[in-house]
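**Student:** Have a peek at final-v9.pdb (PDB, C-alpha atoms, pLDDT in the B column).
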ATOM      1  CA  VAL D   1       7.322  14.989  15.483  1.00 65.00           C
ATOM      2  CA  PRO D   2       6.644  16.308  11.961  1.00 73.00           C
ATOM      3  CA  GLU D   3       3.049  17.326  11.297  1.00 86.00           C
ATOM      4  CA  ILE D   4       1.144  15.696   8.448  1.00 94.00           C
ATOM      5  CA  ASN D   5      -0.402  18.455   6.343  1.00 95.00           C
ATOM      6  CA  TRP D   6      -3.660  16.789   5.405  1.00 96.00           C
ATOM      7  CA  VAL D   7      -5.522  17.946   2.330  1.00 97.00           C
ATOM      8  CA  LEU D   8      -9.276  17.866   2.929  1.00 96.00           C
ATOM      9  CA  ASP D   9     -10.484  17.542  -0.661  1.00 97.00           C
ATOM     10  CA  VAL D  10      -9.846  14.415  -2.757  1.00 98.00           C
ATOM     11  CA  ASP D  11      -9.707  16.212  -6.107  1.00 98.00           C
ATOM     12  CA  GLU D  12      -7.243  18.774  -4.766  1.00 98.00           C
ATOM     13  CA  ALA D  13      -5.102  15.951  -3.376  1.00 98.00           C
ATOM     14  CA  CYS D  14      -5.107  14.245  -6.791  1.00 98.00           C
ATOM     15  CA  GLN D  15      -4.015  17.468  -8.514  1.00 98.00           C
ATOM     16  CA  ARG D  16      -1.166  17.901  -6.044  1.00 98.00           C
ATOM     17  CA  ALA D  17      -0.186  14.253  -6.471  1.00 98.00           C
ATOM     18  CA  GLU D  18       0.044  14.679 -10.235  1.00 98.00           C
ATOM     19  CA  HIS D  19       2.218  17.753  -9.818  1.00 98.00           C
ATOM     20  CA  GLU D  20       4.458  16.040  -7.243  1.00 97.00           C
ATOM     21  CA  ARG D  21       4.449  12.632  -9.018  1.00 96.00           C
ATOM     22  CA  LYS D  22       3.130  10.921  -5.899  1.00 98.00           C
ATOM     23  CA  LEU D  23       0.161   8.765  -4.969  1.00 98.00           C
ATOM     24  CA  VAL D  24      -2.688   9.994  -2.788  1.00 98.00           C
ATOM     25  CA  LEU D  25      -3.120   8.449   0.645  1.00 98.00           C
ATOM     26  CA  LEU D  26      -6.839   8.837   1.372  1.00 98.00           C
ATOM     27  CA  ASP D  27      -7.795   8.264   5.004  1.00 97.00           C
ATOM     28  CA  PHE D  28     -11.465   7.994   5.911  1.00 97.00           C
ATOM     29  CA  PHE D  29     -11.677   8.560   9.650  1.00 95.00           C
ATOM     30  CA  SER D  30     -14.230   9.076  12.376  1.00 95.00           C
ATOM     31  CA  PRO D  31     -13.242  11.301  15.323  1.00 91.00           C
ATOM     32  CA  ALA D  32     -13.124   9.484  18.639  1.00 76.00           C
TER      33      ALA D  32
ATOM     34  CA  VAL W   1      -1.830   7.331  17.571  1.00 66.00           C
ATOM     35  CA  THR W   2      -0.093   5.868  14.522  1.00 83.00           C
ATOM     36  CA  TYR W   3       0.121   9.201  12.699  1.00 91.00           C
ATOM     37  CA  SER W   4       1.913  10.817  15.636  1.00 88.00           C
ATOM     38  CA  GLU W   5       4.878   8.466  15.209  1.00 93.00           C
ATOM     39  CA  ARG W   6       7.797  10.315  13.627  1.00 93.00           C
ATOM     40  CA  GLU W   7       8.633   7.679  11.013  1.00 94.00           C
ATOM     41  CA  VAL W   8       5.013   7.256   9.955  1.00 96.00           C
ATOM     42  CA  ALA W   9       4.509  10.993   9.509  1.00 96.00           C
ATOM     43  CA  ALA W  10       7.808  11.400   7.667  1.00 95.00           C
ATOM     44  CA  THR W  11       7.080   8.507   5.315  1.00 96.00           C
ATOM     45  CA  ILE W  12       3.603   9.742   4.477  1.00 97.00           C
ATOM     46  CA  THR W  13       4.858  13.273   3.841  1.00 96.00           C
ATOM     47  CA  ALA W  14       7.764  12.141   1.677  1.00 96.00           C
ATOM     48  CA  ARG W  15       5.940   9.604  -0.491  1.00 96.00           C
ATOM     49  CA  PHE W  16       2.256  10.580  -0.630  1.00 98.00           C
ATOM     50  CA  VAL W  17      -0.140  13.474  -0.780  1.00 98.00           C
ATOM     51  CA  PRO W  18      -2.141  12.867   2.401  1.00 98.00           C
ATOM     52  CA  CYS W  19      -5.889  13.463   2.251  1.00 98.00           C
ATOM     53  CA  GLN W  20      -8.153  12.993   5.254  1.00 97.00           C
ATOM     54  CA  VAL W  21     -11.953  12.768   5.183  1.00 97.00           C
ATOM     55  CA  ASN W  22     -13.967  13.000   8.400  1.00 97.00           C
ATOM     56  CA  VAL W  23     -16.904  10.692   7.671  1.00 97.00           C
ATOM     57  CA  GLN W  24     -19.117  12.566  10.120  1.00 97.00           C
ATOM     58  CA  THR W  25     -19.130  15.745   8.018  1.00 96.00           C
ATOM     59  CA  GLU W  26     -21.434  16.851   5.214  1.00 96.00           C
ATOM     60  CA  ALA W  27     -18.435  17.196   2.892  1.00 95.00           C
ATOM     61  CA  ALA W  28     -17.688  13.495   3.298  1.00 97.00           C
ATOM     62  CA  LYS W  29     -20.884  12.349   1.569  1.00 97.00           C
ATOM     63  CA  ALA W  30     -19.475  12.608  -1.954  1.00 97.00           C
ATOM     64  CA  PRO W  31     -16.195  10.741  -1.307  1.00 98.00           C
ATOM     65  CA  ILE W  32     -18.029   8.112   0.780  1.00 98.00           C
ATOM     66  CA  GLN W  33     -20.315   7.436  -2.182  1.00 98.00           C
ATOM     67  CA  ARG W  34     -17.514   7.617  -4.719  1.00 98.00           C
ATOM     68  CA  TYR W  35     -15.293   5.112  -2.879  1.00 98.00           C
ATOM     69  CA  HIS W  36     -18.056   2.991  -1.314  1.00 98.00           C
ATOM     70  CA  GLN W  37     -16.643   3.624   2.132  1.00 97.00           C
ATOM     71  CA  ALA W  38     -18.330   1.633   4.924  1.00 96.00           C
ATOM     72  CA  TRP W  39     -16.082   1.552   7.994  1.00 95.00           C
ATOM     73  CA  THR W  40     -13.246   3.455   9.610  1.00 95.00           C
ATOM     74  CA  PRO W  41     -10.337   3.570   9.599  1.00 95.00           C
ATOM     75  CA  ASP W  42     -10.256   2.993   5.863  1.00 97.00           C
ATOM     76  CA  ILE W  43      -7.124   3.764   3.861  1.00 98.00           C
ATOM     77  CA  ARG W  44      -7.039   4.000   0.073  1.00 98.00           C
ATOM     78  CA  LEU W  45      -4.064   4.624  -2.177  1.00 98.00           C
ATOM     79  CA  LEU W  46      -5.156   6.549  -5.246  1.00 98.00           C
ATOM     80  CA  ALA W  47      -3.699   7.282  -8.647  1.00 98.00           C
ATOM     81  CA  THR W  48      -3.639  10.911  -9.716  1.00 98.00           C
ATOM     82  CA  ASN W  49      -6.914  10.421 -11.623  1.00 98.00           C
ATOM     83  CA  GLY W  50      -8.600   9.380  -8.370  1.00 98.00           C
ATOM     84  CA  SER W  51      -8.832   5.686  -9.181  1.00 98.00           C
ATOM     85  CA  GLU W  52      -8.176   3.322  -6.283  1.00 98.00           C
ATOM     86  CA  LEU W  53      -5.026   1.188  -6.539  1.00 98.00           C
ATOM     87  CA  TYR W  54      -4.868  -0.364  -3.061  1.00 98.00           C
ATOM     88  CA  ALA W  55      -6.898  -0.351   0.139  1.00 98.00           C
ATOM     89  CA  TRP W  56      -7.026  -1.676   3.682  1.00 97.00           C
ATOM     90  CA  GLN W  57      -9.299  -1.227   6.657  1.00 96.00           C
ATOM     91  CA  GLY W  58      -8.741  -1.288  10.400  1.00 95.00           C
ATOM     92  CA  TYR W  59      -6.234   0.159  12.831  1.00 94.00           C
ATOM     93  CA  LEU W  60      -2.597  -0.887  12.567  1.00 96.00           C
ATOM     94  CA  PRO W  61       0.210  -0.051  15.009  1.00 96.00           C
ATOM     95  CA  PRO W  62       3.122   1.937  13.524  1.00 96.00           C
ATOM     96  CA  PHE W  63       5.353  -1.008  12.531  1.00 96.00           C
ATOM     97  CA  GLU W  64       2.552  -2.814  10.704  1.00 97.00           C
ATOM     98  CA  PHE W  65       1.145   0.430   9.301  1.00 98.00           C
ATOM     99  CA  LEU W  66       4.463   1.365   7.699  1.00 98.00           C
ATOM    100  CA  ALA W  67       4.923  -2.094   6.228  1.00 98.00           C
ATOM    101  CA  GLN W  68       1.363  -2.090   4.890  1.00 98.00           C
ATOM    102  CA  LEU W  69       1.787   1.409   3.483  1.00 98.00           C
ATOM    103  CA  LEU W  70       4.935   0.492   1.556  1.00 98.00           C
ATOM    104  CA  ALA W  71       3.534  -2.835   0.352  1.00 98.00           C
ATOM    105  CA  GLY W  72       0.485  -0.935  -0.876  1.00 98.00           C
ATOM    106  CA  GLU W  73       2.699   1.570  -2.648  1.00 98.00           C
ATOM    107  CA  GLY W  74       4.577  -1.289  -4.281  1.00 98.00           C
ATOM    108  CA  ASN W  75       1.357  -2.870  -5.516  1.00 98.00           C
ATOM    109  CA  ALA W  76       0.061   0.493  -6.694  1.00 98.00           C
ATOM    110  CA  ARG W  77       3.237   1.081  -8.721  1.00 98.00           C
ATOM    111  CA  LEU W  78       2.924  -2.385 -10.230  1.00 98.00           C
ATOM    112  CA  ARG W  79      -0.647  -1.609 -11.304  1.00 98.00           C
ATOM    113  CA  LEU W  80       0.594   1.656 -12.819  1.00 98.00           C
ATOM    114  CA  CYS W  81       2.939  -0.405 -15.034  1.00 98.00           C
ATOM    115  CA  GLU W  82       6.056   0.629 -13.088  1.00 98.00           C
ATOM    116  CA  PRO W  83       7.409  -2.856 -12.230  1.00 98.00           C
ATOM    117  CA  THR W  84      11.004  -1.819 -11.547  1.00 98.00           C
ATOM    118  CA  ARG W  85       9.863   0.797  -9.052  1.00 98.00           C
ATOM    119  CA  ALA W  86       7.369  -1.675  -7.582  1.00 98.00           C
ATOM    120  CA  ALA W  87      10.094  -4.287  -7.081  1.00 98.00           C
ATOM    121  CA  ALA W  88      12.340  -1.787  -5.291  1.00 98.00           C
ATOM    122  CA  ILE W  89       9.537  -0.875  -2.878  1.00 98.00           C
ATOM    123  CA  HIS W  90       8.699  -4.514  -2.121  1.00 98.00           C
ATOM    124  CA  GLU W  91      12.393  -5.171  -1.530  1.00 98.00           C
ATOM    125  CA  GLU W  92      12.331  -2.324   0.979  1.00 98.00           C
ATOM    126  CA  VAL W  93       9.377  -3.921   2.783  1.00 98.00           C
ATOM    127  CA  LEU W  94      11.212  -7.230   3.060  1.00 98.00           C
ATOM    128  CA  LEU W  95      14.402  -5.556   4.226  1.00 98.00           C
ATOM    129  CA  ARG W  96      12.847  -3.250   6.810  1.00 97.00           C
ATOM    130  CA  PHE W  97       9.793  -5.262   7.886  1.00 98.00           C
ATOM    131  CA  PRO W  98      10.534  -8.964   7.275  1.00 98.00           C
ATOM    132  CA  ILE W  99       8.354 -10.143  10.162  1.00 98.00           C
ATOM    133  CA  SER W 100       5.398  -7.871   9.394  1.00 98.00           C
ATOM    134  CA  ALA W 101       2.028  -9.391   8.525  1.00 98.00           C
ATOM    135  CA  VAL W 102       2.216  -8.008   4.997  1.00 98.00           C
ATOM    136  CA  ALA W 103       5.746  -9.287   4.250  1.00 98.00           C
ATOM    137  CA  PRO W 104       4.548 -12.505   2.498  1.00 98.00           C
ATOM    138  CA  GLU W 105       2.381 -10.388   0.189  1.00 98.00           C
ATOM    139  CA  SER W 106       5.428  -8.292  -0.650  1.00 98.00           C
ATOM    140  CA  GLN W 107       7.471 -11.437  -1.292  1.00 97.00           C
ATOM    141  CA  TYR W 108       4.749 -12.639  -3.688  1.00 97.00           C
ATOM    142  CA  PHE W 109       4.531  -9.356  -5.576  1.00 98.00           C
ATOM    143  CA  LEU W 110       8.285  -8.781  -5.575  1.00 98.00           C
ATOM    144  CA  ALA W 111       8.523 -11.901  -7.732  1.00 97.00           C
ATOM    145  CA  VAL W 112       5.676 -10.675  -9.945  1.00 98.00           C
ATOM    146  CA  ALA W 113       7.207  -7.209 -10.322  1.00 98.00           C
ATOM    147  CA  ARG W 114      10.642  -8.573 -11.170  1.00 98.00           C
ATOM    148  CA  TYR W 115       9.094 -10.900 -13.737  1.00 98.00           C
ATOM    149  CA  ARG W 116       7.056  -8.073 -15.258  1.00 98.00           C
ATOM    150  CA  ALA W 117      10.233  -6.019 -15.545  1.00 98.00           C
ATOM    151  CA  SER W 118      12.496  -8.739 -16.961  1.00 98.00           C
ATOM    152  CA  HIS W 119      10.071 -11.211 -18.630  1.00 97.00           C
ATOM    153  CA  ASP W 120      12.392 -13.879 -17.232  1.00 97.00           C
ATOM    154  CA  ALA W 121      10.335 -16.738 -15.758  1.00 96.00           C
ATOM    155  CA  GLN W 122      13.116 -17.498 -13.297  1.00 96.00           C
ATOM    156  CA  ASP W 123      12.473 -14.163 -11.585  1.00 96.00           C
ATOM    157  CA  LEU W 124       8.935 -15.325 -10.876  1.00 96.00           C
ATOM    158  CA  ILE W 125       9.701 -18.925  -9.971  1.00 95.00           C
ATOM    159  CA  GLY W 126      12.755 -18.057  -7.890  1.00 95.00           C
ATOM    160  CA  GLY W 127      10.900 -15.368  -5.994  1.00 94.00           C
ATOM    161  CA  TRP W 128       8.005 -17.678  -5.264  1.00 93.00           C
ATOM    162  CA  GLN W 129      10.396 -20.396  -4.104  1.00 94.00           C
ATOM    163  CA  ARG W 130      11.766 -17.883  -1.637  1.00 95.00           C
ATOM    164  CA  LEU W 131       8.178 -17.289  -0.508  1.00 95.00           C
ATOM    165  CA  GLN W 132       7.814 -21.026   0.099  1.00 94.00           C
ATOM    166  CA  SER W 133      10.907 -21.127   2.284  1.00 95.00           C
ATOM    167  CA  ARG W 134      10.525 -17.832   4.149  1.00 96.00           C
ATOM    168  CA  TYR W 135       6.770 -17.756   4.685  1.00 96.00           C
ATOM    169  CA  PRO W 136       5.599 -21.381   4.372  1.00 94.00           C
ATOM    170  CA  ASN W 137       2.356 -20.873   6.323  1.00 95.00           C
ATOM    171  CA  SER W 138       1.257 -17.743   4.514  1.00 96.00           C
ATOM    172  CA  ILE W 139      -1.871 -17.505   2.394  1.00 96.00           C
ATOM    173  CA  TRP W 140       0.414 -15.968  -0.256  1.00 95.00           C
ATOM    174  CA  ARG W 141       2.423 -19.198  -0.337  1.00 94.00           C
ATOM    175  CA  GLN W 142      -0.851 -21.019  -1.054  1.00 92.00           C
ATOM    176  CA  LYS W 143      -1.573 -18.601  -3.901  1.00 92.00           C
ATOM    177  CA  GLN W 144       1.490 -19.829  -5.757  1.00 90.00           C
ATOM    178  CA  ALA W 145       1.238 -23.451  -4.598  1.00 83.00           C
ATOM    179  CA  PHE W 146       0.190 -24.620  -8.075  1.00 85.00           C
ATOM    180  CA  ILE W 147       3.873 -24.446  -9.066  1.00 83.00           C
ATOM    181  CA  GLU W 148       4.903 -26.754  -6.232  1.00 80.00           C
ATOM    182  CA  PRO W 149       5.350 -30.477  -6.941  1.00 79.00           C
ATOM    183  CA  GLU W 150       2.652 -32.791  -5.572  1.00 73.00           C
TER     184      GLU W 150
END
Render the structure in this file as C-alpha coordinates.
**Tutor:**
Amino acid sequence: VPEINWVLDVDEACQRAEHERKLVLLDFFSPA
Amino acid sequence: VTYSEREVAATITARFVPCQVNVQTEAAKAPIQRYHQAWTPDIRLLATNGSELYAWQGYLPPFEFLAQLLAGEGNARLRLCEPTRAAAIHEEVLLRFPISAVAPESQYFLAVARYRASHDAQDLIGGWQRLQSRYPNSIWRQKQAFIEPE
(Lines of atoms letter the chains of each structure in order from A and count residues from 1; the text may use other names and numbers.)
(Lines give C-alpha, C1' and ligand atoms only; values in the text may rest on other atoms or scores of the structure.)
Protein backbone atom coordinates (compact mmCIF):
# COMPACT_ATOMS: atom_id res chain seq x y z
CA VAL A 1 0.00 0.00 0.00
CA PRO A 2 1.49 3.39 -0.94
CA GLU A 3 2.39 5.62 1.99
CA ILE A 4 0.84 9.07 2.26
CA ASN A 5 3.65 11.57 2.83
CA TRP A 6 1.91 13.96 5.18
CA VAL A 7 3.16 17.52 5.48
CA LEU A 8 2.89 18.73 9.07
CA ASP A 9 2.72 22.48 8.46
CA VAL A 10 -0.26 24.13 6.73
CA ASP A 11 1.73 26.98 5.17
CA GLU A 12 4.31 24.57 3.77
CA ALA A 13 1.50 22.43 2.34
CA CYS A 14 0.00 25.51 0.66
CA GLN A 15 3.35 26.43 -0.90
CA ARG A 16 3.76 22.91 -2.25
CA ALA A 17 0.19 22.94 -3.54
CA GLU A 18 0.83 26.15 -5.46
CA HIS A 19 3.97 24.68 -6.99
CA GLU A 20 2.21 21.41 -7.90
CA ARG A 21 -1.09 23.09 -8.92
CA LYS A 22 -3.03 21.00 -6.42
CA LEU A 23 -5.36 21.62 -3.50
CA VAL A 24 -4.37 20.97 0.11
CA LEU A 25 -6.12 18.18 1.98
CA LEU A 26 -5.93 19.25 5.63
CA ASP A 27 -6.74 16.50 8.11
CA PHE A 28 -7.22 17.41 11.76
CA PHE A 29 -6.87 14.18 13.71
CA SER A 30 -6.62 12.94 17.26
CA PRO A 31 -4.52 9.80 17.89
CA ALA A 32 -6.51 6.87 19.20
CA VAL B 1 -8.13 2.64 8.58
CA THR B 2 -9.35 4.57 5.55
CA TYR B 3 -5.92 5.98 4.72
CA SER B 4 -4.39 2.50 4.60
CA GLU B 5 -6.59 1.58 1.63
CA ARG B 6 -4.54 1.57 -1.57
CA GLU B 7 -6.99 3.57 -3.68
CA VAL B 8 -7.50 6.20 -0.99
CA ALA B 9 -3.77 6.72 -0.52
CA ALA B 10 -3.12 6.80 -4.26
CA THR B 11 -5.90 9.31 -4.89
CA ILE B 12 -4.77 11.63 -2.12
CA THR B 13 -1.16 11.50 -3.30
CA ALA B 14 -2.05 12.10 -6.95
CA ARG B 15 -4.53 14.95 -6.49
CA PHE B 16 -3.70 16.75 -3.24
CA VAL B 17 -0.91 17.91 -1.00
CA PRO B 18 -1.77 16.04 2.20
CA CYS B 19 -1.33 17.89 5.48
CA GLN B 20 -2.06 16.30 8.84
CA VAL B 21 -2.43 18.13 12.16
CA ASN B 22 -2.47 16.21 15.44
CA VAL B 23 -4.85 18.29 17.56
CA GLN B 24 -3.21 17.09 20.76
CA THR B 25 0.08 18.86 20.00
CA GLU B 26 1.24 22.38 20.82
CA ALA B 27 1.84 23.04 17.11
CA ALA B 28 -1.84 22.44 16.41
CA LYS B 29 -3.02 25.49 18.36
CA ALA B 30 -2.50 27.95 15.51
CA PRO B 31 -4.27 25.91 12.79
CA ILE B 32 -7.08 24.99 15.21
CA GLN B 33 -7.69 28.70 15.82
CA ARG B 34 -7.25 29.64 12.18
CA TYR B 35 -9.76 27.06 10.91
CA HIS B 36 -12.08 27.02 13.94
CA GLN B 37 -11.58 23.29 14.33
CA ALA B 38 -13.79 21.66 16.98
CA TRP B 39 -13.95 17.91 16.41
CA THR B 40 -12.03 15.10 14.76
CA PRO B 41 -11.79 13.76 12.19
CA ASP B 42 -12.15 17.04 10.36
CA ILE B 43 -11.14 17.34 6.71
CA ARG B 44 -10.69 20.64 4.90
CA LEU B 45 -9.82 21.24 1.27
CA LEU B 46 -7.77 24.40 0.94
CA ALA B 47 -6.79 26.71 -1.88
CA THR B 48 -3.11 27.52 -2.19
CA ASN B 49 -3.62 30.74 -0.21
CA GLY B 50 -4.91 28.68 2.72
CA SER B 51 -8.56 29.62 2.32
CA GLU B 52 -11.06 26.82 2.93
CA LEU B 53 -13.04 25.65 -0.11
CA TYR B 54 -14.78 22.54 1.26
CA ALA B 55 -15.03 20.65 4.53
CA TRP B 56 -16.56 17.62 6.20
CA GLN B 57 -16.37 16.03 9.61
CA GLY B 58 -16.62 12.45 10.84
CA TYR B 59 -15.21 9.09 9.84
CA LEU B 60 -16.08 7.67 6.43
CA PRO B 61 -15.27 4.18 5.13
CA PRO B 62 -13.08 4.08 1.99
CA PHE B 63 -15.87 4.02 -0.62
CA GLU B 64 -17.69 6.99 0.90
CA PHE B 65 -14.43 8.79 1.70
CA LEU B 66 -13.27 8.64 -1.92
CA ALA B 67 -16.62 9.83 -3.22
CA GLN B 68 -16.69 12.67 -0.69
CA LEU B 69 -13.10 13.61 -1.50
CA LEU B 70 -13.78 13.88 -5.23
CA ALA B 71 -17.09 15.70 -4.75
CA GLY B 72 -15.25 18.14 -2.50
CA GLU B 73 -12.56 18.61 -5.12
CA GLY B 74 -15.24 19.27 -7.72
CA ASN B 75 -16.88 21.90 -5.54
CA ALA B 76 -13.52 23.45 -4.73
CA ARG B 77 -12.68 23.75 -8.43
CA LEU B 78 -16.07 25.33 -9.07
CA ARG B 79 -15.38 27.92 -6.36
CA LEU B 80 -11.99 28.58 -7.95
CA CYS B 81 -13.82 29.52 -11.18
CA GLU B 82 -12.77 26.32 -12.97
CA PRO B 83 -16.24 25.04 -13.99
CA THR B 84 -15.10 22.73 -16.79
CA ARG B 85 -12.67 20.97 -14.47
CA ALA B 86 -15.33 20.91 -11.74
CA ALA B 87 -17.85 19.28 -14.08
CA ALA B 88 -15.36 16.57 -15.08
CA ILE B 89 -14.70 15.71 -11.43
CA HIS B 90 -18.41 15.54 -10.57
CA GLU B 91 -18.95 13.32 -13.61
CA GLU B 92 -16.25 11.04 -12.21
CA VAL B 93 -18.06 10.87 -8.87
CA LEU B 94 -21.31 9.87 -10.57
CA LEU B 95 -19.57 7.31 -12.75
CA ARG B 96 -17.48 5.67 -10.04
CA PHE B 97 -19.67 6.20 -6.96
CA PRO B 98 -23.30 6.51 -8.13
CA ILE B 99 -24.73 5.00 -4.95
CA SER B 100 -22.54 6.98 -2.54
CA ALA B 101 -24.15 9.36 -0.06
CA VAL B 102 -22.56 12.36 -1.77
CA ALA B 103 -23.65 11.42 -5.32
CA PRO B 104 -26.81 13.62 -5.27
CA GLU B 105 -24.66 16.61 -4.28
CA SER B 106 -22.40 15.87 -7.23
CA GLN B 107 -25.41 15.59 -9.54
CA TYR B 108 -26.59 19.01 -8.31
CA PHE B 109 -23.22 20.68 -8.78
CA LEU B 110 -22.49 18.92 -12.07
CA ALA B 111 -25.47 20.82 -13.47
CA VAL B 112 -24.24 24.06 -11.90
CA ALA B 113 -20.70 23.58 -13.21
CA ARG B 114 -21.87 22.77 -16.72
CA TYR B 115 -24.11 25.84 -16.69
CA ARG B 116 -21.29 28.04 -15.41
CA ALA B 117 -19.09 26.76 -18.22
CA SER B 118 -21.63 27.04 -21.05
CA HIS B 119 -24.11 29.72 -19.83
CA ASP B 120 -26.75 27.49 -21.40
CA ALA B 121 -29.77 27.23 -19.08
CA GLN B 122 -30.55 23.78 -20.45
CA ASP B 123 -27.35 22.46 -18.89
CA LEU B 124 -28.69 23.51 -15.50
CA ILE B 125 -32.30 22.47 -15.99
CA GLY B 126 -31.43 19.18 -17.67
CA GLY B 127 -28.93 18.28 -14.99
CA TRP B 128 -31.39 19.05 -12.23
CA GLN B 129 -34.07 16.99 -13.98
CA ARG B 130 -31.65 14.10 -13.90
CA LEU B 131 -31.26 14.75 -10.17
CA GLN B 132 -35.04 14.49 -9.80
CA SER B 133 -35.14 11.13 -11.53
CA ARG B 134 -31.97 9.55 -10.13
CA TYR B 135 -32.08 10.82 -6.55
CA PRO B 136 -35.73 11.75 -5.89
CA ASN B 137 -35.47 11.51 -2.08
CA SER B 138 -32.29 13.53 -1.75
CA ILE B 139 -32.06 16.85 0.05
CA TRP B 140 -30.28 18.09 -3.10
CA ARG B 141 -33.42 17.32 -5.12
CA GLN B 142 -35.33 19.54 -2.66
CA LYS B 143 -32.79 22.32 -3.19
CA GLN B 144 -33.78 22.57 -6.83
CA ALA B 145 -37.47 21.78 -6.30
CA PHE B 146 -38.48 25.38 -7.05
CA ILE B 147 -38.10 24.54 -10.76
CA GLU B 148 -40.52 21.62 -10.51
CA PRO B 149 -44.18 22.16 -11.46
CA GLU B 150 -46.67 22.27 -8.59
**Student:** I need the output of the ChimeraX specification (/W :<6) & /D for this file as a list in words; which residues are they?
**Tutor:**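 Listing what the ChimeraX specification (/W :<6) & /D selects in the shown file: Val1, Ile4, Trp6, Val7, Leu8, Cys14, Ala17, Glu18, Lys22, Leu23, Val24, Leu25, Leu26, Asp27, Phe28, Phe29 and Ser30 of chain D.
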**Student:** Could you jot down the atom CA of Ala67 of chain W to atom CA of Trp128 of chain W separation for me, Å, one decimal place?
**Tutor:** 19.6 Å
**Student:** Mind giving me the straight-line distance from atom CA of Arg130 of chain W to atom CA of Tyr108 of chain W in Å, one decimal?
**Tutor:**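 About the pair atom CA of Arg130 of chain W and atom CA of Tyr108 of chain W: they are 9.0 Å apart.
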**Student:** Point out the residue among W:Lys143, W:Arg96, W:Glu82, W:Val102 with the least atom-to-atom distance to Tyr115 of chain W, counting all atoms listed in the file.
**Tutor:**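 Among W:Lys143, W:Arg96, W:Glu82, W:Val102, it is W:Glu82 that comes nearest to Tyr115 of chain W.
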**Student:** Distance atom CA of Thr2 of chain W-atom CA of Pro104 of chain W, one decimal place?
**Tutor:** 22.4 Å
**Student:** So which one's closest to Arg114 of chain W, W:Gln68, W:Gln144, W:Thr84, W:Ser100? Using all atoms listed in the file, please.
**Tutor:**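 The shortest atom-to-atom distance to Arg114 of chain W comes from W:Thr84.
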**Student:** Could you list, as a PyMOL selection string, every residue within 12 Å of Gln142 of chain W, counting all atoms listed in the file and ignoring same-chain residues fewer than 5 positions away?
**Tutor:** chain W and resi 104-105+108+128-129+131-132+135-137+147-148
**Student:** When you look at Gly127 of chain W with a cut-off of 8 Å (counting all atoms listed in the file), what residues show up, excluding the ones that are within fewer than 5 positions of it in the same chain? I need them as a CSV table (one decimal) with C-alpha atoms, in the coordinates of the input.
**Tutor:**
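Result written to selection.csv:
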chain,number,residue,atom,x,y,z
W,107,GLN,CA,7.5,-11.4,-1.3
W,108,TYR,CA,4.7,-12.6,-3.7
W,110,LEU,CA,8.3,-8.8,-5.6
W,111,ALA,CA,8.5,-11.9,-7.7
W,122,GLN,CA,13.1,-17.5,-13.3
**Student:** For the PyMOL selection byres ((chain W and resi 87) around 8), applied here, can you spell out every residue it catches as a PyMOL selection string?
**Tutor:** chain W and resi 74+83-86+88-91+109-111+113-114
